[in-house]
Amino acid sequence: MSVNNIKQLKIELRRVCRQARTELINNGKKELDKILAERFLSLNEYKDCKTLFAYVSTEFEVDTSFIISSALNDGKRVAVPKCTDEFGNMDFYYITSIDCLKKGAYSIMEPDETLCTKVSDFSDGLCLVPGLCFENQGYRLGYGKGYYDRFLEHFFGTSVGLCYSSLVQSRIPVDVYDKNVDILITENNINYTSIAFKRNDTYEP
């Protein structure tokens, strides 16, 4: 498939997924977010991690606020991203509370650099990766800027995607720059996608 065809398919899929997520806001989103957060917090990978890299969710994304507050209460280091340019680059900063955030690029809450310490070690930890939708193999459809695909190239910990089951796709158009997550969580199951885990099973509590 040509690069142009992949690009066009992604544009159309983004449109469909944005509409579907908008409709979810008044149709059970809060309940689904609660289940997804509880499943994430039940992971042994979460319990064992010392550092959580978490995106700060917007209204239309899977809500990460409870996960972030739980991680802080559990004594884990929590780092959140700050976009540094429009070309897919971002830095992570440790936060100690929600008060360390301020509105940044694209109206997304980002760390206040005057209150936070920049992260320099990405050799370990657990990373929550946002996406408009995912497929069972862990590939994701992002927002088109490539921030997390670039980040995951240099992240050596474990990556996790949270997705409503209604938005899991049988197949997502991918190119050589797209990175899949190691674990995909929906309200129905926890799927270990990476061969790094030496398993291809799906865990259904």
# chains A, B, ... in the order shown; residues from 1 in each chain; ligands from 1

call {"tool": "closest_atom_pairs", "arguments": {"of": "segment 43-159 of chain A", "to": "segment 166-169 of chain A", "cutoff": "9 Å", "atoms": "only C-alpha atoms", "output": "tab-separated table"}}
result
residue	atom	partner	partner_atom	distance
A:Leu132	CA	A:Leu167	CA	8.0
A:Cys133	CA	A:Leu167	CA	5.4
A:Phe134	CA	A:Val168	CA	5.1
A:Glu135	CA	A:Gln169	CA	4.7
A:Asn136	CA	A:Val168	CA	7.0

call {"tool": "select_by_dssp", "arguments": {"residues": "chain A", "states": "strand (DSSP E or B)", "output": "PyMOL selection string"}}
result
chain A and resi 51-53+77-83+90-95+101-103+109-111+117-118+126-129+133-135+140-141+158-162+168-169+183-185+190-192+202-203

call {"tool": "atom_distance", "arguments": {"atom1": "atom CA of Pro130 of chain A", "atom2": "atom CA of Cys163 of chain A"}}
result
8.7 Å

call {"tool": "closest_atom_pairs", "arguments": {"of": "segment 145-164 of chain A", "to": "segment 36-51 of chain A", "cutoff": "12 Å", "atoms": "only C-alpha atoms", "output": "Markdown table"}}
result
| residue | atom | partner | partner_atom | distance |
| --- | --- | --- | --- | --- |
| A:Gly157 | CA | A:Cys49 | CA | 9.4 |
| A:Thr158 | CA | A:Glu45 | CA | 8.0 |
| A:Ser159 | CA | A:Glu45 | CA | 9.9 |
| A:Val160 | CA | A:Phe40 | CA | 8.6 |
| A:Gly161 | CA | A:Phe40 | CA | 9.4 |
| A:Leu162 | CA | A:Leu36 | CA | 6.8 |
| A:Cys163 | CA | A:Leu36 | CA | 8.0 |
| A:Tyr164 | CA | A:Leu36 | CA | 8.3 |

call {"tool": "write_last_selection", "arguments": {"atoms": "N, CA and C atoms", "output": "PDB file, in the first residue's frame"}}
result
ATOM      1  N   GLY A 157      11.051   0.899  28.524  1.00  0.00           N
ATOM      2  CA  GLY A 157      10.173   0.266  29.486  1.00  0.00           C
ATOM      3  C   GLY A 157       9.020  -0.435  28.775  1.00  0.00           C
ATOM      4  N   THR A 158       7.898  -0.542  29.480  1.00  0.00           N
ATOM      5  CA  THR A 158       6.713  -1.219  28.964  1.00  0.00           C
ATOM      6  C   THR A 158       5.652  -0.192  28.606  1.00  0.00           C
ATOM      7  N   SER A 159       5.028  -0.357  27.441  1.00  0.00           N
ATOM      8  CA  SER A 159       4.009   0.593  26.990  1.00  0.00           C
ATOM      9  C   SER A 159       2.622  -0.045  27.049  1.00  0.00           C
ATOM     10  N   VAL A 160       1.628   0.788  27.405  1.00  0.00           N
ATOM     11  CA  VAL A 160       0.256   0.311  27.585  1.00  0.00           C
ATOM     12  C   VAL A 160      -0.717   1.239  26.869  1.00  0.00           C
ATOM     13  N   GLY A 161      -1.678   0.656  26.168  1.00  0.00           N
ATOM     14  CA  GLY A 161      -2.746   1.426  25.549  1.00  0.00           C
ATOM     15  C   GLY A 161      -4.069   1.140  26.226  1.00  0.00           C
ATOM     16  N   LEU A 162      -4.889   2.171  26.390  1.00  0.00           N
ATOM     17  CA  LEU A 162      -6.236   2.027  26.934  1.00  0.00           C
ATOM     18  C   LEU A 162      -7.222   2.337  25.815  1.00  0.00           C
ATOM     19  N   CYS A 163      -8.184   1.448  25.589  1.00  0.00           N
ATOM     20  CA  CYS A 163      -9.099   1.652  24.464  1.00  0.00           C
ATOM     21  C   CYS A 163     -10.461   1.046  24.768  1.00  0.00           C
ATOM     22  N   TYR A 164     -11.514   1.758  24.407  1.00  0.00           N
ATOM     23  CA  TYR A 164     -12.854   1.202  24.506  1.00  0.00           C
ATOM     24  C   TYR A 164     -12.978   0.073  23.482  1.00  0.00           C
TER      25      TYR A 164
END

call {"tool": "residues_around", "arguments": {"residues": "Lys7 of chain A", "least_positions_apart": "5", "cutoff": "10 Å", "atoms": "only C-alpha atoms", "output": "ChimeraX atom specification"}}
result
/A:2,12-13,144,173-175

call {"tool": "closest_residue", "arguments": {"among": "A:Lys82, A:Lys103, A:Arg140, A:Lys76", "to": "Cys17 of chain A", "atoms": "only C-alpha atoms"}}
result
A:Arg140

call {"tool": "closest_atom_pairs", "arguments": {"of": "segment 13-102 of chain A", "to": "segment 114-128 of chain A", "cutoff": "9 Å", "atoms": "only C-alpha atoms", "output": "Markdown table"}}
result
| residue | atom | partner | partner_atom | distance |
| --- | --- | --- | --- | --- |
| A:Glu45 | CA | A:Leu126 | CA | 7.3 |
| A:Tyr46 | CA | A:Leu126 | CA | 6.8 |
| A:Cys49 | CA | A:Gly125 | CA | 5.6 |
| A:Lys50 | CA | A:Gly125 | CA | 6.3 |
| A:Thr51 | CA | A:Gly125 | CA | 4.8 |
| A:Leu52 | CA | A:Leu126 | CA | 5.0 |
| A:Phe53 | CA | A:Cys127 | CA | 4.4 |
| A:Ala54 | CA | A:Leu128 | CA | 5.0 |
| A:Tyr55 | CA | A:Leu128 | CA | 6.5 |
| A:Thr64 | CA | A:Leu128 | CA | 8.9 |
| A:Ala79 | CA | A:Val119 | CA | 7.5 |
| A:Asp91 | CA | A:Lys118 | CA | 7.3 |
| A:Phe92 | CA | A:Val119 | CA | 5.5 |
| A:Tyr93 | CA | A:Lys118 | CA | 4.3 |
| A:Tyr94 | CA | A:Thr117 | CA | 5.5 |
| A:Ile95 | CA | A:Cys116 | CA | 5.8 |
| A:Thr96 | CA | A:Cys116 | CA | 8.0 |
| A:Cys100 | CA | A:Leu115 | CA | 6.1 |
| A:Leu101 | CA | A:Leu115 | CA | 8.8 |

call {"tool": "residues_around", "arguments": {"residues": "Tyr106 of chain A", "least_positions_apart": "6", "cutoff": "12 Å", "atoms": "only C-alpha atoms", "output": "NGL selection string"}}
result
:A and (58 or 82-86 or 143 or 145)

call {"tool": "write_last_selection", "arguments": {"atoms": "C-alpha atoms", "output": "PDB file, in the first residue's frame"}}
result
ATOM      1  CA  THR A  58      -8.641  15.549  27.413  1.00  0.00           C
ATOM      2  CA  LYS A  82       5.195  18.594  27.301  1.00  0.00           C
ATOM      3  CA  CYS A  83       5.251  19.250  23.550  1.00  0.00           C
ATOM      4  CA  THR A  84       8.374  21.160  22.550  1.00  0.00           C
ATOM      5  CA  ASP A  85       7.524  21.859  18.899  1.00  0.00           C
ATOM      6  CA  GLU A  86       5.066  21.000  16.127  1.00  0.00           C
ATOM      7  CA  TYR A 143      -3.480  12.290  16.144  1.00  0.00           C
ATOM      8  CA  LYS A 145       1.857  14.412  14.779  1.00  0.00           C
TER       9      LYS A 145
END

call {"tool": "closest_residue", "arguments": {"among": "A:Val62, A:Ile108, A:Val129, A:Val16", "to": "Lys179 of chain A", "atoms": "only C-alpha atoms"}}
result
A:Val129

call {"tool": "atom_distance", "arguments": {"atom1": "atom CA of Ile172 of chain A", "atom2": "atom CA of Tyr139 of chain A"}}
result
7.0 Å
